[in-house]
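Asker: Just so it is clear, I am handing over structure-v2.cif, which has mmCIF, C-alpha atoms.
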```
data_data
#
loop_
_atom_site.label_atom_id
_atom_site.label_comp_id
_atom_site.auth_asym_id
_atom_site.auth_seq_id
_atom_site.Cartn_x
_atom_site.Cartn_y
_atom_site.Cartn_z
CA MET A 297 0.00 0.00 0.00
CA ILE A 298 2.78 2.44 0.86
CA LYS A 299 5.16 2.86 -2.07
CA LYS A 300 8.57 4.38 -1.61
CA PHE A 301 8.75 5.72 -5.17
CA ILE A 302 5.55 7.77 -4.68
CA ILE A 303 6.82 9.17 -1.35
CA LYS A 304 10.14 10.07 -3.00
CA LYS A 305 8.34 11.84 -5.86
CA GLU A 306 6.06 13.77 -3.48
CA LEU A 307 9.02 14.91 -1.36
CA ASN A 308 10.89 15.98 -4.50
CA LEU A 309 7.86 17.95 -5.67
CA GLU A 310 7.51 19.59 -2.25
CA LEU A 311 11.10 20.79 -2.34
CA ARG A 312 10.52 22.32 -5.77
CA ASN A 313 7.11 23.76 -4.91
CA ASN A 314 7.67 27.25 -3.58
CA THR A 315 4.24 27.62 -2.01
CA SER A 316 4.88 25.34 0.94
CA LEU A 317 8.17 25.21 2.77
CA PHE A 318 9.37 28.57 1.51
CA LEU A 319 6.20 30.62 1.92
CA ILE A 320 3.71 29.24 4.42
CA THR A 321 6.09 28.42 7.28
CA PRO A 322 7.96 31.77 7.25
CA THR A 323 4.62 33.63 7.01
CA MET A 324 3.32 31.75 10.02
CA CYS A 325 6.57 32.37 11.90
CA VAL A 326 6.25 36.10 11.34
CA LEU A 327 2.63 35.99 12.52
CA ILE A 328 3.72 34.12 15.64
CA ILE A 329 6.42 36.66 16.38
CA VAL A 330 4.16 39.69 15.97
CA PHE A 331 1.09 38.13 17.59
CA PRO A 332 1.94 38.88 21.28
CA ILE A 333 2.90 42.45 20.45
CA LEU A 334 -0.31 42.98 18.51
CA SER A 335 -2.57 41.38 21.10
CA GLU A 336 -1.14 42.59 24.40
CA ASN A 337 1.71 44.89 23.47
CA ARG A 338 4.28 42.65 25.17
CA PHE A 339 6.07 39.36 24.68
CA ARG A 340 3.82 37.45 27.04
CA VAL A 341 0.15 36.60 26.66
CA GLU A 342 -2.32 35.36 29.27
CA ASN A 343 -2.41 31.59 29.65
CA ASP A 344 -6.16 31.25 28.89
CA MET A 345 -5.79 33.13 25.66
CA PHE A 346 -2.61 31.32 24.72
CA VAL A 347 -4.08 27.83 24.14
CA ILE A 348 -7.07 29.13 22.18
CA VAL A 349 -4.88 31.24 19.90
CA GLN A 350 -2.41 28.39 19.50
CA LEU A 351 -5.28 26.18 18.33
CA LEU A 352 -6.33 28.93 15.96
CA PHE A 353 -2.79 29.06 14.58
CA LEU A 354 -2.87 25.28 14.21
CA ILE A 355 -6.12 25.48 12.19
CA ILE A 356 -4.83 28.35 10.01
CA PHE A 357 -1.53 26.60 9.31
CA THR A 358 -3.25 23.29 8.51
CA THR A 359 -5.67 25.05 6.17
CA LEU A 360 -2.88 26.89 4.37
CA PHE A 361 -0.96 23.65 4.08
CA SER A 362 -4.02 21.81 2.71
CA ILE A 363 -4.86 24.35 0.02
CA ARG A 364 -1.25 25.03 -1.02
CA ASN A 365 -1.23 22.70 -3.98
CA PRO A 366 -4.69 21.35 -4.91
CA LEU A 367 -4.87 18.12 -6.87
CA GLU A 368 -6.76 18.32 -10.12
CA GLU A 369 -8.93 15.24 -10.60
CA GLN A 370 -8.33 14.84 -14.34
CA THR A 371 -4.56 15.38 -14.05
CA LEU A 372 -4.33 12.96 -11.15
CA ILE A 373 -6.28 10.23 -12.95
CA LYS A 374 -4.10 10.65 -16.04
CA GLU A 375 -0.94 10.46 -13.95
CA LEU A 376 -2.08 7.35 -12.08
CA ASN A 377 -3.20 5.58 -15.26
CA PHE A 378 -0.02 6.57 -17.11
CA GLY A 379 2.07 4.89 -14.44
CA SER A 380 -0.44 2.08 -13.71
CA ILE A 381 -0.50 3.26 -10.10
CA LYS A 382 -3.40 2.20 -7.91
CA LYS A 383 -5.42 4.95 -6.22
CA ILE A 384 -5.08 3.20 -2.87
CA ASP A 385 -1.25 3.11 -3.14
CA TYR A 386 -1.18 6.77 -4.12
CA PHE A 387 -3.48 7.79 -1.27
CA TYR A 388 -1.52 6.10 1.51
CA SER A 389 1.89 7.02 0.11
CA LYS A 390 0.79 10.63 -0.28
CA THR A 391 -0.59 10.57 3.29
CA ILE A 392 2.78 9.43 4.61
CA SER A 393 4.73 11.98 2.57
CA GLU A 394 2.37 14.80 3.66
CA LEU A 395 2.78 13.70 7.27
CA GLY A 396 6.55 13.75 6.84
CA ILE A 397 6.38 17.30 5.49
CA PHE A 398 3.69 18.67 7.77
CA TYR A 399 4.35 17.11 11.18
CA PRO A 400 7.89 18.46 11.76
CA GLN A 401 6.75 21.91 10.60
CA ILE A 402 3.79 22.01 12.96
CA ILE A 403 5.95 20.87 15.90
CA PHE A 404 8.47 23.57 14.96
CA LEU A 405 5.70 26.18 14.90
CA LEU A 406 4.33 25.09 18.28
CA ILE A 407 7.82 25.39 19.80
CA LEU A 408 8.20 28.84 18.24
CA PHE A 409 4.80 29.90 19.50
CA SER A 410 5.60 28.79 23.06
CA GLY A 411 8.98 30.45 22.86
CA PHE A 412 7.83 33.80 21.58
CA THR A 413 4.84 34.07 23.92
CA ASN A 414 6.67 32.74 27.01
CA THR A 415 3.84 30.31 27.69
CA SER A 416 3.32 26.57 27.36
CA ILE A 417 0.67 23.91 26.91
CA ASN A 418 -0.54 22.51 30.22
CA ASN A 419 0.12 18.86 29.57
CA SER A 420 3.02 16.44 29.21
CA ILE A 421 5.07 16.44 26.01
CA ILE A 422 3.92 12.89 25.13
CA TYR A 423 0.25 13.94 25.04
CA ILE A 424 1.10 17.01 22.97
CA ILE A 425 3.11 14.99 20.44
CA PHE A 426 0.39 12.35 20.10
CA SER A 427 -2.48 14.85 19.91
CA VAL A 428 -0.70 16.78 17.13
CA LEU A 429 0.16 13.54 15.32
CA PHE A 430 -3.47 12.42 15.31
CA PHE A 431 -4.60 15.90 14.30
CA CYS A 432 -2.15 15.95 11.36
CA LEU A 433 -3.07 12.45 10.22
CA ASN A 434 -6.80 13.17 10.32
CA ALA A 435 -6.42 16.55 8.61
CA ILE A 436 -4.27 15.05 5.82
CA MET A 437 -6.60 12.10 5.19
CA VAL A 438 -9.72 14.30 5.14
CA ASN A 439 -8.03 16.77 2.80
CA LEU A 440 -6.83 14.07 0.40
CA PHE A 441 -10.23 12.42 0.47
CA PHE A 442 -11.91 15.72 -0.48
CA GLN A 443 -9.42 16.31 -3.27
CA MET A 444 -9.52 12.80 -4.74
CA PHE A 445 -13.19 11.93 -4.44
CA THR A 446 -15.03 15.19 -4.89
CA SER A 447 -15.09 17.68 -7.73
CA PHE A 448 -14.41 20.71 -5.53
CA SER A 449 -11.47 21.97 -7.49
CA SER A 450 -11.49 25.56 -6.30
CA ARG A 451 -9.39 26.50 -3.31
CA PHE A 452 -12.23 28.60 -1.91
CA VAL A 453 -14.71 25.69 -1.84
CA GLN A 454 -12.00 23.44 -0.42
CA PHE A 455 -11.37 26.05 2.29
CA ILE A 456 -15.06 26.43 3.17
CA LEU A 457 -15.61 22.67 3.47
CA ILE A 458 -12.42 21.71 5.24
CA VAL A 459 -12.10 24.42 7.91
CA PRO A 460 -15.19 23.31 9.91
CA ILE A 461 -13.80 19.76 9.98
CA TYR A 462 -10.42 21.04 11.21
CA ILE A 463 -12.21 23.09 13.90
CA GLY A 464 -13.88 19.84 15.02
CA PHE A 465 -10.50 18.10 15.30
CA ALA A 466 -9.06 21.09 17.16
CA ILE A 467 -11.96 21.07 19.66
CA LEU A 468 -11.04 17.49 20.54
CA ILE A 469 -7.45 18.34 21.38
CA ALA A 470 -8.32 21.59 23.19
CA PRO A 471 -9.06 20.00 26.61
CA MET A 472 -5.74 18.11 26.50
CA TRP A 473 -3.86 21.32 25.83
CA LEU A 474 -5.80 23.27 28.46
CA GLY A 475 -4.59 20.83 31.09
CA VAL A 476 -6.98 18.12 32.25
CA ASN A 477 -5.80 15.25 34.48
CA GLN A 478 -4.07 12.19 33.11
CA GLU A 479 -7.15 9.91 33.07
CA ILE A 480 -9.16 12.42 31.04
CA SER A 481 -6.15 12.97 28.73
CA ASN A 482 -6.02 9.21 28.16
CA ILE A 483 -9.73 9.19 27.28
CA TYR A 484 -9.24 12.03 24.81
CA SER A 485 -6.20 10.28 23.27
CA LEU A 486 -8.32 7.16 22.78
CA MET A 487 -11.07 9.27 21.23
CA LEU A 488 -8.56 10.75 18.78
CA LEU A 489 -7.30 7.25 17.94
CA GLY A 490 -10.90 6.12 17.39
CA ILE A 491 -11.63 9.05 15.08
CA THR A 492 -8.43 8.36 13.13
CA MET A 493 -9.52 4.74 12.71
CA ILE A 494 -13.00 5.80 11.56
CA ILE A 495 -11.52 8.18 8.97
CA TYR A 496 -9.07 5.47 7.85
CA SER A 497 -11.92 2.93 7.46
CA PHE A 498 -14.08 5.44 5.60
CA THR A 499 -11.36 6.40 3.12
CA ASN A 500 -10.29 2.77 2.77
CA PHE A 501 -13.85 1.78 1.89
CA TYR A 502 -14.01 4.43 -0.86
CA LEU A 503 -10.53 3.58 -2.17
CA ARG A 504 -11.35 -0.12 -2.47
CA LYS A 505 -14.72 0.67 -4.04
CA SER A 506 -13.04 2.86 -6.67
CA GLN A 507 -10.55 0.16 -7.78
CA MET B 293 -9.50 -13.49 -28.75
CA SER B 294 -10.44 -11.63 -25.58
CA LEU B 295 -12.04 -8.22 -25.37
CA PHE B 296 -10.44 -5.34 -23.51
CA PHE B 297 -13.38 -2.98 -23.92
CA LYS B 298 -17.03 -3.66 -24.59
CA SER B 299 -20.13 -1.54 -24.56
CA ASN B 300 -23.41 -1.98 -26.40
CA ASN B 301 -24.86 1.40 -25.58
CA LEU B 302 -21.94 3.74 -25.01
CA SER B 303 -23.08 7.30 -24.39
CA LEU B 304 -20.63 9.92 -23.13
CA GLY B 305 -20.88 13.58 -22.38
CA TYR B 306 -20.22 16.46 -20.04
CA GLY B 307 -23.06 17.53 -17.78
CA ASN B 308 -26.22 17.00 -19.80
CA GLN B 309 -24.46 17.56 -23.11
CA LEU B 310 -24.19 14.35 -25.11
CA VAL B 311 -20.98 13.91 -27.12
CA ILE B 312 -21.15 10.21 -28.03
CA ASN B 313 -24.60 8.67 -28.40
CA ASN B 314 -25.37 4.97 -28.17
CA LEU B 315 -22.17 3.61 -29.74
CA ASP B 316 -21.70 -0.13 -30.04
CA LEU B 317 -18.07 -1.00 -29.36
CA SER B 318 -16.24 -4.31 -28.89
CA LEU B 319 -12.45 -3.98 -28.93
CA LYS B 320 -10.26 -7.06 -29.01
CA ILE B 321 -6.73 -7.36 -27.68
CA SER B 322 -3.91 -7.63 -30.29
CA ASN B 323 -5.94 -5.68 -32.85
CA ASN B 324 -5.42 -2.07 -33.87
CA TYR B 325 -8.12 0.58 -34.04
CA GLU B 326 -8.49 4.04 -35.42
CA ILE B 327 -10.89 6.77 -34.35
CA ILE B 328 -11.55 9.50 -36.90
CA GLY B 329 -13.84 12.50 -36.84
CA LYS B 330 -13.99 16.23 -37.19
CA ASN B 331 -13.47 18.72 -34.34
CA GLY B 332 -15.94 18.23 -31.51
CA SER B 333 -17.11 14.82 -32.73
CA GLY B 334 -15.92 13.15 -29.50
CA LYS B 335 -12.63 11.48 -30.55
CA THR B 336 -10.73 12.54 -27.45
CA THR B 337 -13.69 11.75 -25.19
CA LEU B 338 -13.95 8.24 -26.62
CA LEU B 339 -10.20 7.66 -26.40
CA MET B 340 -10.19 8.85 -22.79
CA CYS B 341 -13.08 6.54 -21.99
CA ILE B 342 -11.31 3.54 -23.53
CA SER B 343 -8.11 4.34 -21.62
CA ASN B 344 -10.09 4.82 -18.38
CA ASN B 345 -9.18 8.52 -18.11
CA PHE B 346 -12.64 9.90 -18.73
CA ILE B 347 -14.25 12.12 -16.11
CA GLY B 348 -17.71 13.09 -17.20
CA ASN B 349 -21.16 11.67 -17.65
CA THR B 350 -21.42 8.08 -18.91
CA PHE B 351 -25.25 8.16 -18.86
CA ASN B 352 -25.34 4.73 -17.17
CA SER B 353 -23.66 3.08 -20.18
CA ASN B 354 -22.82 -0.54 -19.64
CA ILE B 355 -19.00 -0.71 -19.93
CA GLU B 356 -16.95 -3.88 -19.53
CA ARG B 357 -13.16 -3.81 -19.35
CA GLY B 358 -10.51 -6.51 -19.44
CA GLU B 359 -7.56 -6.66 -17.06
CA TYR B 360 -4.95 -5.13 -19.35
CA SER B 361 -2.43 -2.33 -18.99
CA PHE B 362 -3.48 0.88 -20.74
CA MET B 363 -1.50 3.96 -21.58
CA GLU B 364 -2.83 7.16 -23.10
CA ILE B 365 -0.76 9.82 -24.78
CA GLY B 366 -3.31 12.58 -24.92
CA SER B 367 -3.60 16.18 -25.94
CA SER B 368 -2.43 17.31 -22.50
CA PRO B 369 0.79 15.77 -21.14
CA SER B 370 0.69 13.15 -18.39
CA LEU B 371 4.26 13.83 -17.24
CA ILE B 372 4.93 15.74 -14.02
CA PRO B 373 6.24 19.21 -14.95
CA LYS B 374 8.28 19.76 -11.77
CA LEU B 375 10.28 16.53 -12.25
CA SER B 376 13.10 15.92 -14.70
CA LEU B 377 12.65 13.43 -17.53
CA ILE B 378 14.75 10.78 -15.82
CA GLU B 379 12.76 11.25 -12.59
CA ASN B 380 9.54 10.93 -14.57
CA ILE B 381 10.82 7.74 -16.22
CA LYS B 382 11.80 6.25 -12.86
CA TYR B 383 8.44 7.24 -11.36
CA PHE B 384 6.24 5.95 -14.18
CA LEU B 385 8.29 2.82 -14.81
CA TYR B 386 8.93 1.86 -11.21
CA LYS B 387 6.97 -1.38 -11.46
CA GLU B 388 8.76 -2.46 -14.64
CA SER B 389 12.21 -2.02 -13.03
CA ILE B 390 13.88 -1.46 -16.39
CA ASP B 391 17.63 -1.75 -16.82
CA GLU B 392 19.49 1.58 -16.73
CA LYS B 393 21.31 0.71 -19.98
CA LEU B 394 18.04 0.19 -21.85
CA ILE B 395 16.74 3.53 -20.56
CA VAL B 396 19.84 5.31 -21.91
CA GLU B 397 19.57 3.47 -25.25
CA THR B 398 15.92 4.44 -25.63
CA LEU B 399 16.62 8.04 -24.62
CA ASN B 400 19.35 8.17 -27.27
CA LYS B 401 16.95 6.73 -29.83
CA TYR B 402 14.48 9.53 -29.09
CA GLN B 403 17.35 12.09 -28.91
CA LEU B 404 16.54 13.02 -25.33
CA ASN B 405 19.54 11.69 -23.42
CA GLU B 406 21.26 15.06 -23.11
CA PHE B 407 18.07 16.66 -21.73
CA LYS B 408 17.19 13.91 -19.26
CA GLU B 409 18.14 15.99 -16.19
CA ASP B 410 16.06 19.01 -17.30
CA LEU B 411 12.65 19.66 -15.82
CA ILE B 412 9.68 18.75 -18.03
CA GLU B 413 8.25 22.26 -17.52
CA ASP B 414 11.21 23.57 -19.54
CA TYR B 415 10.56 21.20 -22.46
CA SER B 416 8.88 22.14 -25.73
CA SER B 417 5.61 20.41 -26.68
CA GLY B 418 7.44 18.23 -29.19
CA MET B 419 9.99 17.13 -26.60
CA ILE B 420 7.20 16.30 -24.14
CA LYS B 421 5.52 14.14 -26.78
CA ARG B 422 8.84 12.40 -27.51
CA SER B 423 9.29 11.84 -23.78
CA GLU B 424 5.86 10.23 -23.53
CA LEU B 425 6.68 8.03 -26.52
CA THR B 426 9.94 7.04 -24.81
CA ILE B 427 8.02 5.95 -21.71
CA ALA B 428 5.50 4.07 -23.89
CA ASP B 429 8.38 2.37 -25.70
CA LEU B 430 9.98 1.29 -22.42
CA LYS B 431 6.75 0.35 -20.66
CA LYS B 432 5.20 -1.62 -23.54
CA PRO B 433 1.59 -1.41 -22.37
CA ASP B 434 -0.96 -3.92 -23.72
CA ILE B 435 -3.01 -1.06 -25.14
CA LEU B 436 -1.52 2.24 -26.26
CA CYS B 437 -3.95 5.05 -27.07
CA ILE B 438 -2.59 8.12 -28.86
CA ASP B 439 -4.64 11.24 -29.47
CA GLU B 440 -3.61 13.26 -32.54
CA PRO B 441 -0.39 11.22 -32.97
CA LYS B 442 1.42 13.57 -35.35
CA VAL B 443 0.72 16.80 -33.48
CA TYR B 444 3.87 18.56 -32.13
CA LEU B 445 6.21 16.01 -33.75
CA ASP B 446 8.77 16.90 -36.42
CA GLU B 447 9.62 14.59 -39.33
CA ASN B 448 12.09 12.59 -37.27
CA GLY B 449 9.61 12.37 -34.39
CA ILE B 450 6.89 11.08 -36.72
CA GLN B 451 9.28 8.42 -38.03
CA LEU B 452 10.05 7.33 -34.45
CA LEU B 453 6.31 7.15 -33.74
CA PHE B 454 5.74 5.02 -36.87
CA ASP B 455 8.62 2.73 -35.85
CA LEU B 456 7.11 2.30 -32.40
CA LEU B 457 3.69 1.49 -33.86
CA ASN B 458 5.23 -0.99 -36.32
CA TYR B 459 7.15 -2.67 -33.52
CA ARG B 460 3.95 -2.95 -31.48
CA GLU B 461 2.16 -4.50 -34.45
CA THR B 462 4.84 -7.17 -34.81
CA GLN B 463 4.58 -7.91 -31.06
CA LYS B 464 0.75 -8.20 -31.30
CA MET B 465 0.19 -5.27 -28.97
CA THR B 466 -2.86 -3.06 -29.45
CA SER B 467 -2.62 0.55 -30.60
CA ILE B 468 -5.54 2.97 -30.89
CA LEU B 469 -5.01 6.18 -32.80
CA SER B 470 -7.35 9.13 -32.88
CA SER B 471 -7.13 11.92 -35.42
CA GLN B 472 -9.20 13.94 -37.87
CA GLU B 473 -8.35 11.58 -40.70
CA SER B 474 -6.40 8.36 -41.03
CA ILE B 475 -2.62 8.86 -40.76
CA ASN B 476 -1.81 5.45 -42.31
CA ALA B 477 0.58 4.52 -39.54
CA LEU B 478 -0.83 1.04 -38.95
CA SER B 479 -0.86 -1.69 -41.58
CA ASN B 480 -3.60 -3.79 -39.96
CA ILE B 481 -6.59 -1.94 -38.62
CA GLU B 482 -9.44 -4.07 -37.28
CA ARG B 483 -11.97 -1.24 -37.25
CA THR B 484 -12.05 2.46 -38.02
CA ILE B 485 -14.53 4.16 -35.74
CA ASP B 486 -15.82 7.05 -37.80
CA LEU B 487 -17.47 9.61 -35.55
CA ASN B 488 -18.52 11.76 -38.52
CA ASP B 489 -21.41 9.37 -39.20
#
```
Could you show the structure in this file as structure tokens?

Answerer:
Amino acid sequence: MIKKFIIKKELNLELRNNTSLFLITPTMCVLIIVFPILSENRFRVENDMFVIVQLLFLIIFTTLFSIRNPLEEQTLIKELNFGSIKKIDYFYSKTISELGIFYPQIIFLLILFSGFTNTSINNSIIYIIFSVLFFCLNAIMVNLFFQMFTSFSSRFVQFILIVPIYIGFAILIAPMWLGVNQEISNIYSLMLLGITMIIYSFTNFYLRKSQ
Amino acid sequence: MSLFFKSNNLSLGYGNQLVINNLDLSLKISNNYEIIGKNGSGKTTLLMCISNNFIGNTFNSNIERGEYSFMEIGSSPSLIPKLSLIENIKYFLYKESIDEKLIVETLNKYQLNEFKEDLIEDYSSGMIKRSELTIADLKKPDILCIDEPKVYLDENGIQLLFDLLNYRETQKMTSILSSQESINALSNIERTIDLND
């Protein structure tokens, strides 16, 4: 299902695509740096506000990342047929490559955000890493599903449809970041795992149906 | 001889607009076919449908396909513009795991070896078509569909295309050509689908 040659090609394309690594991340970094000054005129923001705004940054960054390079259905089908590549192989390989590109960047941004606002998430690092990992995986799979199985080719429509879903994912990780006890954090982690499995099953069903 | 495409009531279109209406089509493997017709008659649509690249309305047509490898060289390129030719070859021919020496030989044959490290987005239309022919030559799909075969190719390119089609004929591989009128590239044509009728 996961093909190395597709991952290699996607990573190569990402390096040559100047709308991702070279534009979105620096833009977000600048926003992060100026945010505390704009909001409270100092380099420290209140803790309550911090988590909410960090989630907002997470949603904005994920949305920008998702709409950076939309797949065109006709072009994609031609490419897959030209190389006799199965849709299911492409989907999972692309998911892995997107995760490889997106996950380190989002972790980097969260570190920057904490650093520049002198605040931190109220939970252990393990919970933060896992919550972000599940968030990324879900966001990538939903985005790819929308791009491969629907005809919404415009970035605007993609944006309108995807943002509410990302807000839903962010709401699920919000309590973990706000600092609930370990038992509740475990329950939320399991919920995130369950949602990831539901999305995986849903996309898998469509991918196998479309073979 | 087995069929690779069959439909008794093939209707194709975009939205509610009908392009191909109730066409009866049974295409057998190892035979060659030609699709001819004037502009807007549905040649490209039909070719895309045969090669499984069609996105549009099939009006619930009953389509049966065989388990064969298809390749379409269409009016718009299938290669990835941000990759070099050699990267494209390695990507599209990954499953075939073709010998490096054969790749170089074929690139030399199509006069592309010295440009293999250049990005496809920097290629001319003729060079892109040659590149696609190179991949088709290396991949050897069971069914090769070419839309407007001569377009963008110079005299030498056309000769290389004819050589490829002749080679495929000798190897009993199917080729389907679509153009406004017959280009006489294939010696044995099982059926000419005339969309002017």

Asker: With only C-alpha atoms as the atoms that count, which of B:Lys408, B:Lys298, B:Lys330, B:Lys421 lies nearest to Ser474 of chain B?

Answerer: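 Selected residue with least distance to Ser474 of chain B: B:Lys330.
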
Asker: Exactly which residues make up the result of the PyMOL selection byres ((chain A) within 10 of (chain B)) on this file, given as a list of chain:residue names?

Answerer: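 This file, filtered by the PyMOL selection byres ((chain A) within 10 of (chain B)), leaves A:Lys299, A:Lys300, A:Phe301, A:Ile302, A:Lys304, A:Lys305, A:Asn308, A:Leu309, A:Glu310, A:Leu311, A:Arg312, A:Asn313, A:Glu369, A:Gln370, A:Thr371, A:Leu372, A:Ile373, A:Lys374, A:Glu375, A:Leu376, A:Asn377, A:Phe378, A:Gly379, A:Ser380, A:Ile381.
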
Asker: Go ahead and find all residues with at least one atom no further than 10 Å from (-7.5, 27.6, 7.3) in the file's coordinates, using only C-alpha atoms; report them as a list in words.

Answerer: Leu352, Phe353, Leu354, Ile355, Ile356, Phe357, Thr358, Thr359, Leu360, Phe361, Ser362, Ile363, Gln454, Phe455, Ile456, Ile458, Val459, Pro460, Tyr462 and Ile463 of chain A

Asker: Taking into account only C-alpha atoms, which residue in the set A:Asn477, A:Leu319, A:Ile348, A:Glu306 is nearest to Gly396 of chain A?

Answerer: A:Glu306

Asker: Would you work out the distance separating atom CA of Ile321 of chain B from atom CA of Ser333 of chain B, expressed in Å to one decimal?

Answerer: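 Spanning atom CA of Ile321 of chain B to atom CA of Ser333 of chain B is a straight-line distance of 25.0 Å.
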
Asker: Could you tell me which residues the PyMOL selection byres ((chain B and resi 315) around 7) grabs in this file, written as a ChimeraX atom specification?

Answerer: /B:300-303,312-314,316-317

Asker: Find the residues near Ser471 of chain B: any atom within 10 Å, counting all atoms listed in the file, skip ones fewer than 4 places away on the same chain, and give them as a PDB file with C-alpha atoms, in the coordinates of the input.

Answerer:
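Below you can see around.pdb, which holds the result:
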```
ATOM      1  CA  GLU B 326      -8.490   4.040 -35.420  1.00  0.00           C
ATOM      2  CA  ILE B 327     -10.890   6.770 -34.350  1.00  0.00           C
ATOM      3  CA  ILE B 328     -11.550   9.500 -36.900  1.00  0.00           C
ATOM      4  CA  GLY B 329     -13.840  12.500 -36.840  1.00  0.00           C
ATOM      5  CA  LYS B 330     -13.990  16.230 -37.190  1.00  0.00           C
ATOM      6  CA  ASN B 331     -13.470  18.720 -34.340  1.00  0.00           C
ATOM      7  CA  LYS B 335     -12.630  11.480 -30.550  1.00  0.00           C
ATOM      8  CA  THR B 336     -10.730  12.540 -27.450  1.00  0.00           C
ATOM      9  CA  ILE B 438      -2.590   8.120 -28.860  1.00  0.00           C
ATOM     10  CA  ASP B 439      -4.640  11.240 -29.470  1.00  0.00           C
ATOM     11  CA  GLU B 440      -3.610  13.260 -32.540  1.00  0.00           C
ATOM     12  CA  PRO B 441      -0.390  11.220 -32.970  1.00  0.00           C
ATOM     13  CA  LYS B 442       1.420  13.570 -35.350  1.00  0.00           C
ATOM     14  CA  VAL B 443       0.720  16.800 -33.480  1.00  0.00           C
ATOM     15  CA  ILE B 475      -2.620   8.860 -40.760  1.00  0.00           C
TER      16      ILE B 475
END
```

Asker: Take atom CA of Gly332 of chain B and atom CA of Glu368 of chain A and report the distance between them in Å, one decimal.

Answerer: 23.3 Å

Asker: Using Å and a single decimal, report how far atom CA of Ile436 of chain A sits from atom CA of Leu395 of chain A.

Answerer: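 Between atom CA of Leu395 of chain A and atom CA of Ile436 of chain A the gap works out to 7.3 Å.
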